[in-house]
Every structure is written in C-alpha cells, then in structure tokens.
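Below: one structure, written as structure tokens.
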There are 2 protein chains.
Amino acid sequence: MSEKESSGYRGEAREAIRKAEAETGDMIRITEENEAYEGILIPRSEYGDGKHVVVKLKSGYNIGVRITAGTRIEKIGKGTKPSFAPPPLPQPNEQLPKVAILSTGGTISSRVDYRTGAVRPALTASDLYSVVPELANIARIDAQILSSLFSENIAPAQWTEIAEAIAQKVREGVDGVVVAHGTDTMGYTAAALSFALQNLPVPVIVVGAQRSADRPSSDAATNLVGAATAAAKAPLAHVCVAMHESVSDGSIVLHLGTRVRKCHTSRRDAFKSVNAQPMARVQDKNIVMLTDEYAKRNPSNKLALKSRFSEKATLIKFYPGIDPAVIDWYVDRGYRGLILEGTGLGHVGSRCFESLKKASSRGLVVGMVSQCIWGRVNMNVYDSGRDLQALGVIPLDDLLSETALVKLMWILGQTKDVEDAKRLLKTSIAGELSPRTPVEKGDL
Amino acid sequence: MSEKESSGYRGEAREAIRKAEAETGDMIRITEENEAYEGILIPRSEYGDGKHVVVKLKSGYNIGVRITAGTRIEKIGKGTKPSFAPPPLPQPNEQLPKVAILSTGGTISSRVDYRTGAVRPALTASDLYSVVPELANIARIDAQILSSLFSENIAPAQWTEIAEAIAQKVREGVDGVVVAHGTDTMGYTAAALSFALQNLPVPVIVVGAQRSADRPSSDAATNLVGAATAAAKAPLAHVCVAMHESVSDGSIVLHLGTRVRKCHTSRRDAFKSVNAQPMARVQDKNIVMLTDEYAKRNPSNKLALKSRFSEKATLIKFYPGIDPAVIDWYVDRGYRGLILEGTGLGHVGSRCFESLKKASSRGLVVGMVSQCIWGRVNMNVYDSGRDLQALGVIPLDDLLSETALVKLMWILGQTKDVEDAKRLLKTSIAGELSPRTPVEKGDL
C-alpha cells in the first residue's frame with residue numbers, strides 16, 4: 001500500500017489535509033472556533049466518515065476532530081522516527097533466581113509506530129529487559145522471542161509451541177517462566193498451558209499489558225516486574241496470569257490460569273478470577289499468598305508435557321432464535337466436541353434437542369457451561385436440564401466457558417476414546433472446576 | 001413415559017430403591033454411618049451414574065447421596081399431591097393505579113411438582129396475585145397468561161407476541177405493565193421489548209425469580225411486589241428489568257432493558273446493569289431514581305409498536321482456532337446480519353478476514369462487540385481493528401453483545417436496506433449505546 005492509500009482519508013477530511021500539505025506522521029495543529037489541538041496526524045480506516053481528522057495528542061490519546069467550514073489545519077512539523085538506544089545491559093548477579101521471559105507478542109511487547117500512530121508488535125524480548133531496568137534486581141533474565149503475534153491470531157498450534165518452549169526452559173533449570181502475551185486471548189492461552197504443563201516444578205506466569213509502553217497510563221512495566229517477581233520467588237507451581245489488581249499501580253495479582261477471564265476492554269484491572277479468588281498478590285516485590293490450596297514450587301517435580309490440542313472442538317453460544325442446523329453443520333464437518341454456552345443453570349431451547357441427540361449419537365462430546373459466567377450449571381433443577389442430560393449433554397459445574405473449550409480441545413488431543421474424554425471433561429485436572437457440593441448452597 | 005422409565009435410576013441406586021419398595025415421589029429416609037437424610041425421592045436423569053440417589057429435602061434443596069454397602073433406604077411415606085385453595089380475591093380499590101401482569105412462564109410463575117420434585121411452569125397469573133396478597137395494596141391487578149414457557153424456549157416470535165400484548169394493555173390505559181418471565185433469557189426479551197415499544201407512555205417492568213416460590217430463599221414475591229410498585233408509580237417510561245439489588249431482600253433495582261445481563265446462574269442479584277448504572281431503586285414501596293436521564297412517564301405519549309424481528313441475524317463468539325467456514329455457512333444460508341463477539345477492543349483472528357470480506361460483500365451487516373462484556377470496543381487502536389473496519393465490520397461501542405444481536409434482529413425486521421440497517425445499528429435507539437466521546441478516557 002502506498003502512503004496515500006494507507007492514510008484512508010476521504011471527503012472533506014482529505015481535502016483539509018491536502019490543503020495543509022500534511023501527510024500522516026506529520027505534526028499538525030487543528031484550530032476550531034474555541035479550541036486548538038496539536039498532535040501527529042494518524043491514518044483513518046476505510047470506514048472513516050470523511051468528516052473527521054484523527055490526531056495522536058502528546059498525552060498518547062487519539063482524538064477525532066470534525067472538519068467544518070470554520071476548522072483550520074496547519075502542518076507544524078515533519079514526521080520523524082525516534083530511534084531507540086538501549087542502555088548497556090547490567091552485569092548479571094549470580095545470586096539471583098533465573099527467569100526465562102518468552103515473548104509471543106501483544107501490547108506488552110509492542111511499540112507504537114510514530115509515523116502512523118498504529119501499535120505494532122515489534123519490541124524484542126531484550127528490548128523488554130532494557131526498557132525495565134529494575135528486572136536486573138529481581139532475576140537473571142533469559143529472554144527469547146517466540147513470535148510477534150497479536151493474541152487474536154494465537155491458535156491451538158501456538159499453544160503447543162509456547163508449551164514446548166516453556167518445557168525446554170524448565171528442563172534447563174530456570175526458577176520460573178514469564179510468558180509475555182497479548183491480553184485479548186491471554187485467558188485462553190493460560191488455560192491451555194495449565195492443561196499442557198502438568199506436574200510443574202516452578203511457576204509459569206503469563207503477563208500482558210492493557211496500554212502500550214508509550215502511553216502515560218501504561219501498565220506494561222509494572223505488570224512485567226510483578227510477573228518476573230512471581231516467577232522468581234512465588235512459592236507456587238501453577239500457570240497463572242499476572243495483572244493489575246485495581247486501576248492503581250499498587251499491586252499485581254496472580255490468577256489461576258484456568259479460572260481467569262478478561263472482563264473489561266480497556267481497564268488495567270480487566271482480568272478477574274471467576275468462581276475463585278486470586279492465588280496471590282505481588283506488592284513491593286513481596287508475594288502474599290491468598291489461598292492455602294496450591295501446588296508448591298518443587299524443583300524435583302518432573303514436568304509432564306502434554307502439548308497436543310485438537311481444533312475439532314467448538315463453542316456455540318446459545319441465543320433466542322438460534323438455528324440448530326449449525327450444530328448439525330459441525331457434526332457433519334467431523335467435529336468431535338462441542339461446548340454449549342447455555343443460559344442460566346445450563347439450558348438451551350428445545351429446538352436444539354434433536355440436533356444435540358444426533359451429535360451425541362455420532363460420538364461428539366457435548367458439555368454445558370453458562371453464559372452467565374459466574375455461578376455453576378445445575379441441570380437437575382428443571383425438566384429441560386434433565387432432558388438435556390438424557391440427550392448426553394454433560395453439565396460442567398463451575399467451569400468457565402473459555403476454559404471448557406480449551407480443555408475439550410486438549411482432551412481431544414490426548415484421547416480418541418469418547419467415554420475417556422467425557423470422564424476427563426468432568427474431572428478437575430488443573431483446578432478448573434470444583435466438584436459439586438452434595439447440598440446446593442443458597443447463595444454460593 | 002411410564003413411572004418406572006421416568007425414574008431414571010440404574011445400577012446400585014436402582015437396586016437400593018427397589019429393596020426399599022419406594023417410588024419417585026415417596027418420602028424416604030437414607031441412613032449412612034453418621035448421618036440420615038429425609039426427603040422426597042426424585043427422579044434421576046439418564047445421565048445418572050447409578051451410584052447416587054437424589055432426594056428433595058424439606059428445605060427445598062436437592063441432595064445426591066452416594067449408595068455404598070453401609071447405606072440404608074427406608075420408605076417412610078407415600079407420595080401425595082398437595083392441593084392449592086386460593087384465598088378469596090380482595091375487593092379492588094378504585095383509587096389505586098391499574099397494572100397489567102402478563103405471565104409468560106418461568107420460575108416466577110411456576111410451582112414445584114411435589115411428586116417428581118421437578119419445577120414446571122404451571123402457576124396462572126391469578127395464582128400469582130393470590131399468592132402475593134400485598135399486590136392488592138399496590139395496584140388494581142389485571143392478570144393474563146400469555147404462555148407457560150421456560151424462557152430458553154422464548155424466541156423472536158414470542159417477543160412479537162409479548163410486545164403486542166403489552167401494546168394492547170397500554171392502549172387500554174393501564175398505568176404500567178409487568179411481564180413475568182423466566183430469568184434465563186429475560187435480558188434478551190427486555191432488549192427486544194425496548195426496541196419494539198417506542199414512545200412508551202408508562203413503564204414496562206420485566207420480572208423473574210431465581211428461586212421458585214416453594215423454596216425458603218425464594219425471591220419471587222419480593223421481585224413481583226417491586227415490579228408492580230414500579231409499574232404503578234415509577235416516574236419513568238422505559239422497559240426495565242426489576243430484580244434484587246443484593247442477596248438480601250432489602251431492595252429491588254430497575255435496570256434499563258437494553259443494558260442488563262444475567263451475570264450469575266443462581267444468585268438473587270444475578271442481574272447487573274452493564275456499562276451503566278441501574279435506573280432506580282424500589283425500597284419499602286418507594287421509588288428512588290438513580291439517574292436524571294430517563295424518559296418521563298407521560299400518559300399522552302402515543303405508543304409506536306414496531307414488533308417485527310428477523311431470525312436471519314446470528315451471533316458468533318470468536319475463539320482461538322475457530323473455523324471461519326462457519327461464517328460462510330451463515331452467508332450461504334441467507335443470513336442478513338452477524339454480530340461478532342470478538343476479543344478485547346473488538347478483534348478476531350486474521351483467519352476470519354476472507355470470510356468477513358465475503359459476508360460484507362454479500363450484503364450482510366456485520367457488527368463487532370466484545371466478549372469482555374464490560375468496556376467499549378475501539379477498533380482504531382490496533383492494525384487488526386482498522387483492517388476489520390476496512391472489511392466492513394462496524395464497531396458497536398459499548399453495546400452489550402446480547403442486546404446487539406436482538407437489535408440487529410429487530411433492525412432486519414424493520415428495513416431491507418443495508419445502509420439503513422448499518423446506520424440504525426450505530427444509532428442509539430433505546431439507550432443501548434453511548435456515542436463515543438472524542439477523547440478516549442483512560443479507565444472507562
């Protein structure tokens with residue numbers, strides 16, 4: 001794409017930019033009746049309405065200014081690319097624990113392209129290290145780039161690669177592993193690693209950032225320091241996600257990898273433990289455990305790597321009016337597993353029953369979770385729940401929907417036996433589900 | 001199904017029941033080494049493991065008891081059906097506002113079948129009235145049964161019927177309408193009614209119950225009283241959901257119908273306003289408004305009924321490893337609209353791009369919401385968001401995913417014009433989305 005095409009402006013907006021002889025990447029000033037904005041002209045998507053010009057302000061925020069007859073644009077500076085000169089690497093302190101940082105991409109390992117204003121996965125793992133010099137006081141860092149992917153492009157094949165790379169570092173004897181990851185699908189990956197890496201000797205901490213490092217509100221450095229601290233000295237040996245506990249920078253919490261979900265598009269404390277409490281808090285470089293129930297760090301544990309996943313499992317979110325033929329379509333396409341994100345205690349409309357019966361009879365493993373997110377499915381309360389169980393649908397207790405899908409993909413990568421798969425789906429393998437208590441509690 | 005077949009027990013459980021000469025519906029006592037449980041023997045689904053017997057305790061909770069060599073079952077009473085004798089209806093007080101209660105089914109209008117322990121939609125609207133006598137002090141009740149459906153079976157055709165029934169009551173001059181509804185899809189229906197009933201003169205309050213009326217923890221009566229109070233005298237004229245504000249019975253809150261979501265499978269305060277505050281609180285039969293921004297009750301408003309929905313819109317929840325061919329399948333099946341529940345700020349993996357391009361070129365309206373639930377999509381931050389917009393995907397700001405789907409079904413029921421549909425999707429029609437602020441706030 002040429003410069004001109006990529007700018008994406010049309011209509012009045014393009015005309016105003018052309019008059020100012022500005023290009024994307026240039027510093028411009030936009031003057032309206034009462035206000036003036038200065039910033040870098042950034043490209044507009046094809047979907048732009050032709051009436052707004054977008055600039056990146058010094059604060060790092062983008063603003064769209066409506067172009068009217070009274071709006072004036074001036075070019076006040078030519079776009080330049082800043083250059084990074086990494087500081088010299090600190091001398092390693094042989095007393096410190098050894099932590100591997102594996103970078104997969106995402107905001108935590110990205111830089112803004114100052115020319116276009118776009119965020120691109122570009123930062124190398126050693127850049128990470130040089131940008132956050134306090135890491136040198138926490139651990140001896142062994143940094144490695146695995147990929148440069150926005151996390152929406154991470155799929156089961158990448159889970160396998162990441163798990164294998166972690167296993168190699170663990171076998172090399174590191175005291176902990178940090179995985180830098182985009183936040184979009186970080187919960188899915190954390191769940192995948194939880195199933196793939198069994199009997200861990202040391203912690204594996206997955207970490208991301210909600211704001212890129214060029215923004216004043218960036219959480220990249222604090223999250224990375226928290227994750228490295230946890231990897232270096234937390235007493236647990238689980239796959240956890242490390243992110244802000246609140247919107248302030250005071251503390252980082254560790255969420256169990258199978259119980260965590262991104263629950264806000266932009267807040268720094270977007271990640272929440274669901275149907276569980278966080279495992280630990282990292283504050284002022286100390287670790288405070290928040291639960292007694294955890295697997296202890298134990299260097300003599302022999303890691304069991306089970307890194308195979310099948311893509312032949314799918315997730316369908318039920319909604320009023322859904323066409324049950326979509327279930328048939330997955331069956332005909334050779335799928336072996338289906339997670340239904342049902343309503344309430346675990347229901348789907350009776351219009352789906354015939355298709356579910358067919359799926360079950362064709363050997364698909366069908367599990368039910370709730371789109372409520374919080375709470376647990378209970379398919380013994382209403383007739384419809386009992387009917388679904390009779391059709392072979394398995395109630396998955398308090399299992400998170402995203403974790404249920406990842407778990408089923410993992411199970412189908414481990415066994416070809418349907419009954420074995422069903423049994424595994426109902427068994428807690430990585431703390432992902434709590435067995436049902438005999439008496440249903442009132443308010444959980 | 002015969003009694004025997006419907007009991008569903010097998011294995012050791014069936015053998016123990018047979019020995020006690022008990023049938024489902026009978027009172028039994030199960031004695032273990034240290035404990036004894038008394039309750040009604042209830043049927044077990046076909047999925048039962050053959051090792052547990054399920055009884056409904058006097059508390060209303062079900063318990064599954066594992067049958068071992070040391071377990072003993074005795075039959076201590078024959079199953080009976082209790083009979084209901086409704087109290088005489090109170091004399092109507094002509095000074096009170098007139099409220100229509102339309103019953104669609106669900107837990108709030110259901111009774112437990114004491115023989116089988118199962119909950120069935122059975123209670124008539126006049127039963128509702130006689131069970132909650134304090135309604136007579138709040139309003140003159142005009143009760144009507146529309147259906148007896150568990151809400152997972154309510155589909156767009158029912159939304160149309162409910163909207164038309166409400167419109168008729170409103171035209172008859174009632175001061176407010178209550179819709180009793182199962183909680184599973186109550187959020188979807190509330191959104192549907194919000195779009196279908198425009199320029200309302202009076203409030204329409206959708207209400208459900210998380211626990212059936214036979215359980216000590218039931219919220220049915222308090223929710224119904226709260227809903228009737230709001231319908232009778234709340235100063236607003238919106239479609240709202242009325243449910244418990246917390247797990248205690250102290251207050252009921254009104255959530256805007258387009259901003260509410262069931263966020264817990266069983267808690268009484270399962271319904272939460274998302275990206276918004278509740279509209280009002282009902283406490284001790286008083287209404288406290290919690291916002292200044294609401295349409296006022298105004299009997300001279302002329303209701304505009306737009307009750308047509310199209311089922312040719314679907315919702316796909318993106319996940320790592322998704323097969324984009326499912327998008328093609330919907331396109332080939334003649335779908336006209338697609339809501340993508342993407343990750344983070346509104347992304348899906350690039351493996352979906354070709355299929356989305358095709359969908360868009362074939363005239364489908366494609367909108368993006370976030371599976372994070374909270375926050376707003378912003379597809380201008382990352383390249384992938386910009387790319388998606390260039391493919392025709394429309395960012396839907398802070399619109400809730402379920403409401404987005406309902407809205408698209410409604411739009412496609414109103415217009416055949418694609419550009420018109422896209423414009424409507426981005427326009428707030430019933431308070432469902434907030435226009436983007438020019439400067440993106442930090443921690444929204």
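Simple scheme: letters A, B, ... for chains in structure tokens order, numbers from 1 for residues in each chain, numbers from 1 for ligands in the order shown.
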Residues within 8 Å of B:Ala221, only C-alpha atoms, excluding chain neighbours under 4 positions, as a VMD selection string
chain B and resid 132 213 225
Taking only C-alpha atoms into account, find every residue of chain A that has an atom no more than 7 Å from chain B, and write it out as JSON, numbers by chain.
{"A": [45, 46, 47, 61, 62, 63, 64, 118, 119, 152, 153, 154, 155, 156, 184, 185, 262, 263, 264, 265, 266, 267, 311, 317, 320, 321, 343, 344, 345, 347, 348, 349, 350, 372, 373, 374, 375, 376, 377, 381, 382, 383, 386, 389, 390, 392, 438, 439, 440, 443]}
I'd like the neighbourhood of B:Asn199 as a count of residues only, where a residue qualifies if any of its atoms comes within 8 Å (using only C-alpha atoms), though same-chain residues fewer than 3 positions away should be ignored.
4
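Pairwise distance (atom CA of A:Ala22, atom CA of A:Lys51) equals 16.5 Å.
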Of the candidates A:Tyr294, A:Trp410, A:Tyr335, A:Tyr37, which one gets nearest to A:Ala192 if we count only C-alpha atoms?
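Answer, going by the shortest atom-to-atom distance: A:Trp410.
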Which residue, A:Ala100, A:Val369, A:Ile28, A:Ala430, has the smallest gap to A:Leu200 when you use only C-alpha atoms?
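Residue with the minimum atom-to-atom distance to A:Leu200: A:Ala430.
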If we count only C-alpha atoms and set the cut-off at 8 Å, which residues sit around B:Ile205, ignoring sequence neighbours fewer than 2 positions away in its own chain? Please answer as a JSON list (two decimals) with C-alpha atoms, in the first residue's frame.
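Dumped to result_24.json:
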[["chain", "number", "residue", "atom", "x", "y", "z"],
["B", 176, "GLY", "CA", -47.95, 0.21, 33.91],
["B", 177, "VAL", "CA", -47.25, -3.30, 32.74],
["B", 178, "VAL", "CA", -45.43, -6.15, 34.46],
["B", 179, "VAL", "CA", -44.11, -9.06, 32.39],
["B", 203, "PRO", "CA", -43.27, 1.78, 32.41],
["B", 207, "VAL", "CA", -39.52, -9.52, 36.30],
["B", 227, "ALA", "CA", -42.07, -4.76, 39.81],
["B", 228, "ALA", "CA", -45.74, -3.96, 40.48],
["B", 230, "ALA", "CA", -42.51, 0.32, 39.74],
["B", 231, "ALA", "CA", -45.21, -0.29, 37.13],
["B", 239, "VAL", "CA", -38.69, -1.14, 29.52],
["B", 240, "CYS", "CA", -36.80, -2.18, 32.66],
["B", 241, "VAL", "CA", -35.85, -5.37, 34.44],
["B", 242, "ALA", "CA", -36.70, -5.46, 38.17]]
Enumerate the residues of stretch 190-275 of chain A with a DSSP assignment of strand (DSSP E or B), computed from the backbone, and present them as JSON, numbers by chain.
{"A": [197, 198, 204, 205, 206, 207, 236, 239, 240, 241, 242, 243, 244, 252, 253, 254, 255, 256, 260, 261, 262, 264, 271, 272, 273]}
Residue selection dump (N, CA and C atoms) as a CSV table (one decimal), in the first residue's frame:
chain,number,residue,atom,x,y,z
A,197,LEU,N,1.0,-28.3,30.7
A,197,LEU,CA,2.2,-28.4,31.5
A,197,LEU,C,1.7,-29.0,32.9
A,198,GLN,N,1.9,-30.3,33.1
A,198,GLN,CA,1.5,-30.9,34.3
A,198,GLN,C,2.7,-31.2,35.2
A,204,VAL,N,4.8,-20.6,36.1
A,204,VAL,CA,4.7,-20.1,34.8
A,204,VAL,C,3.7,-18.9,34.8
A,205,ILE,N,4.3,-17.7,34.6
A,205,ILE,CA,3.4,-16.5,34.8
A,205,ILE,C,3.2,-15.9,33.4
A,206,VAL,N,1.9,-15.8,33.0
A,206,VAL,CA,1.5,-15.2,31.7
A,206,VAL,C,1.2,-13.8,32.0
A,207,VAL,N,1.7,-12.9,31.2
A,207,VAL,CA,1.5,-11.4,31.5
A,207,VAL,C,1.3,-10.6,30.3
A,236,LEU,N,4.4,-21.0,44.6
A,236,LEU,CA,3.5,-21.9,43.9
A,236,LEU,C,4.1,-22.5,42.6
A,239,VAL,N,0.4,-22.5,36.4
A,239,VAL,CA,0.3,-21.5,35.4
A,239,VAL,C,-0.7,-20.4,35.9
A,240,CYS,N,-0.2,-19.1,36.0
A,240,CYS,CA,-1.0,-18.0,36.5
A,240,CYS,C,-0.9,-16.9,35.5
A,241,VAL,N,-1.9,-16.0,35.6
A,241,VAL,CA,-1.9,-14.7,34.9
A,241,VAL,C,-1.6,-13.6,35.9
A,242,ALA,N,-0.7,-12.8,35.6
A,242,ALA,CA,-0.3,-11.6,36.5
A,242,ALA,C,-0.8,-10.4,35.8
A,243,MET,N,-1.7,-9.7,36.5
A,243,MET,CA,-2.1,-8.4,36.0
A,243,MET,C,-2.5,-7.5,37.2
A,244,HIS,N,-2.8,-6.2,36.9
A,244,HIS,CA,-3.2,-5.2,37.9
A,244,HIS,C,-4.3,-5.7,38.7
A,252,ILE,N,-0.2,-6.2,41.9
A,252,ILE,CA,-0.4,-7.2,40.8
A,252,ILE,C,-1.0,-8.4,41.5
A,253,VAL,N,-2.0,-9.0,40.9
A,253,VAL,CA,-2.4,-10.3,41.4
A,253,VAL,C,-2.2,-11.4,40.5
A,254,LEU,N,-2.1,-12.6,41.1
A,254,LEU,CA,-1.9,-13.8,40.2
A,254,LEU,C,-3.2,-14.6,40.2
A,255,HIS,N,-3.7,-14.8,39.0
A,255,HIS,CA,-5.0,-15.6,38.8
A,255,HIS,C,-4.6,-17.0,38.3
A,256,LEU,N,-5.3,-18.0,38.9
A,256,LEU,CA,-5.1,-19.3,38.3
A,256,LEU,C,-5.4,-19.4,36.8
A,260,VAL,N,-9.4,-17.6,35.0
A,260,VAL,CA,-9.3,-16.2,34.7
A,260,VAL,C,-9.9,-15.7,33.4
A,261,ARG,N,-10.4,-14.5,33.4
A,261,ARG,CA,-11.1,-14.1,32.2
A,261,ARG,C,-10.9,-12.6,32.1
A,262,LYS,N,-10.7,-12.1,30.8
A,262,LYS,CA,-10.7,-10.7,30.6
A,262,LYS,C,-12.1,-10.1,30.6
A,264,HIS,N,-12.9,-6.7,30.9
A,264,HIS,CA,-13.1,-5.3,30.5
A,264,HIS,C,-12.2,-5.0,29.3
A,271,PHE,N,-8.6,-8.2,34.1
A,271,PHE,CA,-8.6,-9.7,34.4
A,271,PHE,C,-9.1,-10.0,35.8
A,272,LYS,N,-10.1,-10.9,35.8
A,272,LYS,CA,-10.7,-11.3,37.1
A,272,LYS,C,-10.7,-12.8,37.2
A,273,SER,N,-10.4,-13.3,38.4
A,273,SER,CA,-10.7,-14.7,38.7
A,273,SER,C,-12.2,-14.9,38.8
Determine, counting only C-alpha atoms, which protein, DNA and RNA residues have an atom within 10 Å of an atom of B:Leu433; residues of the same chain fewer than 6 positions away are not included. Present the result as an NGL selection string.
:B and (258-259 or 275-276 or 376 or 396-400 or 403-404 or 425-427)
If I take atom CA of B:Glu32 and atom CA of B:Lys19, how far is one from the other in Å, to one decimal?
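Atom-to-atom, atom CA of B:Glu32 and atom CA of B:Lys19 are spaced 16.0 Å apart.
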From the set B:Leu305, B:Ile145, B:Leu135, B:Ile411, which residue has the shortest atom-to-atom contact distance to B:Asn223, counting only C-alpha atoms?
B:Leu135
